[in-house]
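**Student:** Below you'll find coords.pdb; it's PDB, C-alpha atoms.
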ATOM      1  CA  MET A   1      59.262 124.093 193.145
ATOM      2  CA  SER A   2      57.749 123.935 189.683
ATOM      3  CA  LYS A   3      54.060 123.464 189.053
ATOM      4  CA  GLN A   4      53.023 119.802 189.069
ATOM      5  CA  ILE A   5      50.503 118.244 186.691
ATOM      6  CA  ASP A   6      48.672 114.968 186.226
ATOM      7  CA  PRO A   7      50.849 113.073 183.704
ATOM      8  CA  ARG A   8      47.781 111.347 182.282
ATOM      9  CA  GLY A   9      46.662 114.659 180.733
ATOM     10  CA  PRO A  10      49.541 114.997 178.250
ATOM     11  CA  ARG A  11      49.239 111.305 177.423
ATOM     12  CA  PHE A  12      45.521 111.772 176.661
ATOM     13  CA  GLY A  13      46.423 114.776 174.499
ATOM     14  CA  ALA A  14      49.020 112.684 172.686
ATOM     15  CA  ALA A  15      46.352 110.098 171.865
ATOM     16  CA  ILE A  16      44.130 112.762 170.291
ATOM     17  CA  THR A  17      47.162 114.150 168.474
ATOM     18  CA  VAL A  18      47.903 110.693 167.029
ATOM     19  CA  VAL A  19      44.416 110.537 165.535
ATOM     20  CA  VAL A  20      44.586 114.074 164.129
ATOM     21  CA  LEU A  21      48.050 113.561 162.627
ATOM     22  CA  ALA A  22      47.068 110.196 161.140
ATOM     23  CA  VAL A  23      44.104 111.829 159.393
ATOM     24  CA  ILE A  24      46.415 114.574 158.144
ATOM     25  CA  LEU A  25      48.847 112.012 156.701
ATOM     26  CA  LEU A  26      45.985 110.209 154.986
ATOM     27  CA  THR A  27      44.632 113.413 153.449
ATOM     28  CA  ILE A  28      47.817 115.215 152.327
ATOM     29  CA  PRO A  29      47.707 117.355 150.084
ATOM     30  CA  SER A  30      44.046 118.296 150.591
ATOM     31  CA  ASN A  31      42.487 121.327 152.239
ATOM     32  CA  VAL A  32      41.420 118.997 155.065
ATOM     33  CA  ALA A  33      45.093 118.344 155.828
ATOM     34  CA  VAL A  34      45.877 122.069 155.824
ATOM     35  CA  ILE A  35      42.960 122.899 158.132
ATOM     36  CA  LEU A  36      43.676 120.051 160.549
ATOM     37  CA  LEU A  37      47.375 120.878 160.642
ATOM     38  CA  GLY A  38      46.494 124.510 161.380
ATOM     39  CA  ILE A  39      44.271 123.353 164.240
ATOM     40  CA  GLN A  40      46.995 121.044 165.567
ATOM     41  CA  ALA A  41      49.603 123.816 165.331
ATOM     42  CA  THR A  42      47.262 126.114 167.279
ATOM     43  CA  ALA A  43      46.700 123.474 169.964
ATOM     44  CA  HIS A  44      50.459 123.030 170.349
ATOM     45  CA  ALA A  45      51.027 126.806 170.341
ATOM     46  CA  LEU A  46      48.553 127.276 173.181
ATOM     47  CA  GLY A  47      50.251 124.542 175.201
ATOM     48  CA  ALA A  48      53.751 125.850 174.488
ATOM     49  CA  PHE A  49      53.285 129.615 174.730
ATOM     50  CA  VAL A  50      50.243 130.144 176.976
ATOM     51  CA  GLY A  51      50.662 127.050 179.130
ATOM     52  CA  LEU A  52      49.301 123.549 179.406
ATOM     53  CA  GLN A  53      46.182 124.883 181.125
ATOM     54  CA  ALA A  54      45.245 126.466 177.749
ATOM     55  CA  GLN A  55      45.957 123.390 175.593
ATOM     56  CA  PRO A  56      42.565 122.259 174.223
ATOM     57  CA  TYR A  57      43.196 118.525 174.637
ATOM     58  CA  GLY A  58      44.315 119.140 178.216
ATOM     59  CA  ILE A  59      41.117 121.079 178.883
ATOM     60  CA  LEU A  60      39.097 118.124 177.568
ATOM     61  CA  TYR A  61      41.065 115.801 179.833
ATOM     62  CA  ARG A  62      40.595 117.968 182.933
ATOM     63  CA  LYS A  63      36.870 118.577 182.341
ATOM     64  CA  LEU A  64      35.689 115.211 180.995
ATOM     65  CA  VAL A  65      38.187 112.471 181.796
ATOM     66  CA  ALA A  66      40.072 113.320 184.999
ATOM     67  CA  PRO A  67      36.948 113.583 187.195
ATOM     68  CA  LYS A  68      36.102 109.980 186.298
ATOM     69  CA  LEU A  69      39.617 108.711 187.096
ATOM     70  CA  GLY A  70      40.263 110.220 190.495
ATOM     71  CA  LYS A  71      43.542 111.648 191.740
ATOM     72  CA  PRO A  72      46.749 110.597 189.974
ATOM     73  CA  SER A  73      49.178 108.454 191.961
ATOM     74  CA  VAL A  74      52.111 110.643 190.850
ATOM     75  CA  LEU A  75      52.555 114.153 189.492
ATOM     76  CA  GLU A  76      55.157 115.527 187.082
ATOM     77  CA  ALA A  77      56.726 118.913 186.482
ATOM     78  CA  VAL A  78      54.966 121.056 183.889
ATOM     79  CA  GLU A  79      58.126 122.205 182.072
ATOM     80  CA  PRO A  80      58.999 119.007 180.140
ATOM     81  CA  PRO A  81      55.503 118.525 178.644
ATOM     82  CA  GLN A  82      55.284 122.238 177.875
ATOM     83  CA  PHE A  83      58.594 121.979 176.000
ATOM     84  CA  ALA A  84      57.195 118.927 174.181
ATOM     85  CA  GLN A  85      54.305 121.137 173.043
ATOM     86  CA  LEU A  86      56.878 123.554 171.594
ATOM     87  CA  VAL A  87      58.556 120.723 169.686
ATOM     88  CA  GLY A  88      55.159 119.581 168.389
ATOM     89  CA  PHE A  89      54.379 123.163 167.372
ATOM     90  CA  LEU A  90      57.632 123.400 165.383
ATOM     91  CA  PHE A  91      56.890 120.174 163.510
ATOM     92  CA  ALA A  92      53.278 121.237 162.850
ATOM     93  CA  VAL A  93      54.334 124.653 161.551
ATOM     94  CA  THR A  94      57.013 123.046 159.383
ATOM     95  CA  GLY A  95      54.392 120.715 157.937
ATOM     96  CA  LEU A  96      51.890 123.518 157.451
ATOM     97  CA  VAL A  97      54.346 125.820 155.696
ATOM     98  CA  ALA A  98      55.499 122.926 153.525
ATOM     99  CA  LEU A  99      51.912 122.063 152.570
ATOM    100  CA  LEU A 100      51.146 125.666 151.707
ATOM    101  CA  ALA A 101      54.330 125.822 149.608
ATOM    102  CA  GLY A 102      53.444 122.615 147.774
ATOM    103  CA  ALA A 103      56.286 120.614 149.341
ATOM    104  CA  GLN A 104      54.256 117.503 150.079
ATOM    105  CA  LEU A 105      57.234 115.303 150.921
ATOM    106  CA  VAL A 106      58.546 117.745 153.522
ATOM    107  CA  ALA A 107      55.052 118.064 155.003
ATOM    108  CA  THR A 108      54.645 114.295 155.107
ATOM    109  CA  VAL A 109      57.994 113.799 156.845
ATOM    110  CA  ALA A 110      57.299 116.552 159.420
ATOM    111  CA  VAL A 111      53.844 115.169 160.206
ATOM    112  CA  ALA A 112      55.174 111.593 160.337
ATOM    113  CA  PHE A 113      57.887 112.566 162.844
ATOM    114  CA  ALA A 114      55.303 114.352 165.004
ATOM    115  CA  LEU A 115      52.996 111.347 164.736
ATOM    116  CA  GLY A 116      55.800 109.019 165.819
ATOM    117  CA  ALA A 117      56.564 111.129 168.882
ATOM    118  CA  ALA A 118      52.889 111.441 169.828
ATOM    119  CA  PHE A 119      52.419 107.691 169.398
ATOM    120  CA  LEU A 120      55.355 106.953 171.712
ATOM    121  CA  ASN A 121      53.715 109.076 174.395
ATOM    122  CA  ALA A 122      50.183 107.764 173.886
ATOM    123  CA  ALA A 123      51.081 104.076 173.605
ATOM    124  CA  PHE A 124      54.166 103.720 175.795
ATOM    125  CA  ASN A 125      54.112 106.791 178.062
ATOM    126  CA  PHE A 126      57.447 107.865 176.560
ATOM    127  CA  CYS A 127      57.477 111.598 175.925
ATOM    128  CA  LEU A 128      60.259 112.292 173.438
ATOM    129  CA  GLY A 129      59.962 116.076 173.818
ATOM    130  CA  CYS A 130      60.117 115.705 177.610
ATOM    131  CA  GLU A 131      63.277 113.630 177.302
ATOM    132  CA  MET A 132      64.777 116.290 174.998
ATOM    133  CA  TYR A 133      63.976 118.919 177.633
ATOM    134  CA  LEU A 134      65.612 116.906 180.421
ATOM    135  CA  MET A 135      68.678 116.160 178.286
ATOM    136  CA  GLY A 136      69.037 119.842 177.410
ATOM    137  CA  LYS A 137      68.683 120.802 181.055
ATOM    138  CA  ARG A 138      71.501 118.405 182.009
ATOM    139  CA  ILE A 139      73.747 119.629 179.195
ATOM    140  CA  PHE A 140      73.189 123.345 179.765
ATOM    141  CA  SER A 141      73.104 123.340 183.577
TER     142      SER A 141
END
Take the structure in the file and write it out as structure tokens.
**Tutor:**
Amino acid sequence: MSKQIDPRGPRFGAAITVVVLAVILLTIPSNVAVILLGIQATAHALGAFVGLQAQPYGILYRKLVAPKLGKPSVLEAVEPPQFAQLVGFLFAVTGLVALLAGAQLVATVAVAFALGAAFLNAAFNFCLGCEMYLMGKRIFS
């Protein structure tokens, strides 16, 4: 049995991600955009490669928000949201490399796609990266 997590944590993280990515889009091509995108890429990297327990937004959720909400009514497997963190990391790194290379359009598109996916999760509880994971699991199993 895989590790189970509170699904409200990744949704909370997606809401923070929406704000960060929106600020990045509004500030491209500034140093602020580069710094924030580096921070966002690091947050995604921690969630994808170390585990969701190391993702900074998840830590905020577990320490500050979850104790006020009580136990979740359902749990979900950790693997789909962790894969979603990997997808977010790839978009953030693409945007960061593009910004550093002066390819503002590529950076804008990468950040906009990531923002769209994060918004779907935050607003509608639809995790695009999670769905990609589940689809891949069905195809390759």
**Student:** Have a look at CA of Thr94 in chain A and CA of Val78 in chain A and let me know their distance in Å, one decimal.
**Tutor:**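 So the answer is 24.7 Å.
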**Student:** Using the chain letters and numbers from this file, what does the PyMOL selection byres ((chain A and resi 8-11) around 9) select? Give the answer as number ranges by chain.
**Tutor:** A: 5-7, 12-16, 52, 57-62, 65-66, 72, 81, 118, 121-123, 125-127
**Student:** Given the choices A:Ser141, A:Thr42, A:Thr17, A:Ser73, which gets closest to Leu86 in chain A if the distance is worked out from all atoms listed in the file?
**Tutor:**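 When distances to Leu86 in chain A are compared using all atoms listed in the file, the smallest one comes from A:Thr42.
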**Student:** I'd like the neighbourhood of range 33-39 of chain A as an mmCIF file with C-alpha atoms, in the coordinates of the input, where a residue qualifies if any of its atoms comes within 10 Å (using all atoms listed in the file), though same-chain residues fewer than 2 positions away should be ignored.
**Tutor:**
data_model
loop_
_atom_site.group_PDB
_atom_site.id
_atom_site.type_symbol
_atom_site.label_atom_id
_atom_site.label_comp_id
_atom_site.auth_asym_id
_atom_site.auth_seq_id
_atom_site.Cartn_x
_atom_site.Cartn_y
_atom_site.Cartn_z
ATOM 1 C CA VAL A 20 44.586 114.074 164.129
ATOM 2 C CA LEU A 21 48.050 113.561 162.627
ATOM 3 C CA ALA A 22 47.068 110.196 161.140
ATOM 4 C CA VAL A 23 44.104 111.829 159.393
ATOM 5 C CA ILE A 24 46.415 114.574 158.144
ATOM 6 C CA LEU A 25 48.847 112.012 156.701
ATOM 7 C CA LEU A 26 45.985 110.209 154.986
ATOM 8 C CA THR A 27 44.632 113.413 153.449
ATOM 9 C CA ILE A 28 47.817 115.215 152.327
ATOM 10 C CA PRO A 29 47.707 117.355 150.084
ATOM 11 C CA SER A 30 44.046 118.296 150.591
ATOM 12 C CA ASN A 31 42.487 121.327 152.239
ATOM 13 C CA ALA A 41 49.603 123.816 165.331
ATOM 14 C CA THR A 42 47.262 126.114 167.279
ATOM 15 C CA ALA A 43 46.700 123.474 169.964
ATOM 16 C CA HIS A 44 50.459 123.030 170.349
ATOM 17 C CA ALA A 45 51.027 126.806 170.341
ATOM 18 C CA PHE A 89 54.379 123.163 167.372
ATOM 19 C CA PHE A 91 56.890 120.174 163.510
ATOM 20 C CA ALA A 92 53.278 121.237 162.850
ATOM 21 C CA VAL A 93 54.334 124.653 161.551
ATOM 22 C CA THR A 94 57.013 123.046 159.383
ATOM 23 C CA GLY A 95 54.392 120.715 157.937
ATOM 24 C CA LEU A 96 51.890 123.518 157.451
ATOM 25 C CA VAL A 97 54.346 125.820 155.696
ATOM 26 C CA ALA A 98 55.499 122.926 153.525
ATOM 27 C CA LEU A 99 51.912 122.063 152.570
ATOM 28 C CA LEU A 100 51.146 125.666 151.707
ATOM 29 C CA ALA A 107 55.052 118.064 155.003
ATOM 30 C CA VAL A 111 53.844 115.169 160.206
#
**Student:** In Å, how far is it from CA of Gly136 in chain A to CA of Ala114 in chain A?
**Tutor:**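 Calculated distance between CA of Gly136 in chain A and CA of Ala114 in chain A is 19.3 Å.
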**Student:** Please compute the CA of Pro80 in chain A-CA of Ala112 in chain A distance, one decimal, in Å.
**Tutor:**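 Spanning CA of Pro80 in chain A to CA of Ala112 in chain A is a straight-line distance of 21.5 Å.
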**Student:** Because the input lacks atoms here, generate N, CA and C atoms for range 7-21 of chain A and report them as a PDB file, keeping the file's coordinate frame.
**Tutor:**
ATOM      1  N   PRO A   7      50.194 113.518 184.939  1.00  0.00           N
ATOM      2  CA  PRO A   7      50.849 113.073 183.704  1.00  0.00           C
ATOM      3  C   PRO A   7      49.912 112.369 182.726  1.00  0.00           C
ATOM      4  N   ARG A   8      48.732 111.994 183.189  1.00  0.00           N
ATOM      5  CA  ARG A   8      47.781 111.347 182.282  1.00  0.00           C
ATOM      6  C   ARG A   8      47.197 112.339 181.292  1.00  0.00           C
ATOM      7  N   GLY A   9      47.190 113.631 181.630  1.00  0.00           N
ATOM      8  CA  GLY A   9      46.662 114.659 180.733  1.00  0.00           C
ATOM      9  C   GLY A   9      47.441 114.764 179.437  1.00  0.00           C
ATOM     10  N   PRO A  10      48.771 114.957 179.495  1.00  0.00           N
ATOM     11  CA  PRO A  10      49.541 114.997 178.250  1.00  0.00           C
ATOM     12  C   PRO A  10      49.462 113.688 177.453  1.00  0.00           C
ATOM     13  N   ARG A  11      49.352 112.580 178.134  1.00  0.00           N
ATOM     14  CA  ARG A  11      49.239 111.305 177.423  1.00  0.00           C
ATOM     15  C   ARG A  11      47.904 111.223 176.679  1.00  0.00           C
ATOM     16  N   PHE A  12      46.830 111.702 177.311  1.00  0.00           N
ATOM     17  CA  PHE A  12      45.521 111.772 176.661  1.00  0.00           C
ATOM     18  C   PHE A  12      45.602 112.687 175.436  1.00  0.00           C
ATOM     19  N   GLY A  13      46.249 113.845 175.614  1.00  0.00           N
ATOM     20  CA  GLY A  13      46.423 114.776 174.499  1.00  0.00           C
ATOM     21  C   GLY A  13      47.221 114.161 173.369  1.00  0.00           C
ATOM     22  N   ALA A  14      48.219 113.359 173.713  1.00  0.00           N
ATOM     23  CA  ALA A  14      49.020 112.684 172.686  1.00  0.00           C
ATOM     24  C   ALA A  14      48.164 111.705 171.894  1.00  0.00           C
ATOM     25  N   ALA A  15      47.229 111.047 172.563  1.00  0.00           N
ATOM     26  CA  ALA A  15      46.352 110.098 171.865  1.00  0.00           C
ATOM     27  C   ALA A  15      45.465 110.829 170.852  1.00  0.00           C
ATOM     28  N   ILE A  16      44.928 111.966 171.234  1.00  0.00           N
ATOM     29  CA  ILE A  16      44.130 112.762 170.291  1.00  0.00           C
ATOM     30  C   ILE A  16      45.020 113.236 169.143  1.00  0.00           C
ATOM     31  N   THR A  17      46.215 113.673 169.485  1.00  0.00           N
ATOM     32  CA  THR A  17      47.162 114.150 168.474  1.00  0.00           C
ATOM     33  C   THR A  17      47.486 113.047 167.464  1.00  0.00           C
ATOM     34  N   VAL A  18      47.645 111.824 167.935  1.00  0.00           N
ATOM     35  CA  VAL A  18      47.903 110.693 167.029  1.00  0.00           C
ATOM     36  C   VAL A  18      46.789 110.575 165.999  1.00  0.00           C
ATOM     37  N   VAL A  19      45.554 110.657 166.450  1.00  0.00           N
ATOM     38  CA  VAL A  19      44.416 110.537 165.535  1.00  0.00           C
ATOM     39  C   VAL A  19      44.419 111.682 164.525  1.00  0.00           C
ATOM     40  N   VAL A  20      44.592 112.903 165.020  1.00  0.00           N
ATOM     41  CA  VAL A  20      44.586 114.074 164.129  1.00  0.00           C
ATOM     42  C   VAL A  20      45.711 113.973 163.098  1.00  0.00           C
ATOM     43  N   LEU A  21      46.911 113.636 163.550  1.00  0.00           N
ATOM     44  CA  LEU A  21      48.050 113.561 162.627  1.00  0.00           C
ATOM     45  C   LEU A  21      47.899 112.412 161.636  1.00  0.00           C
TER      46      LEU A  21
END
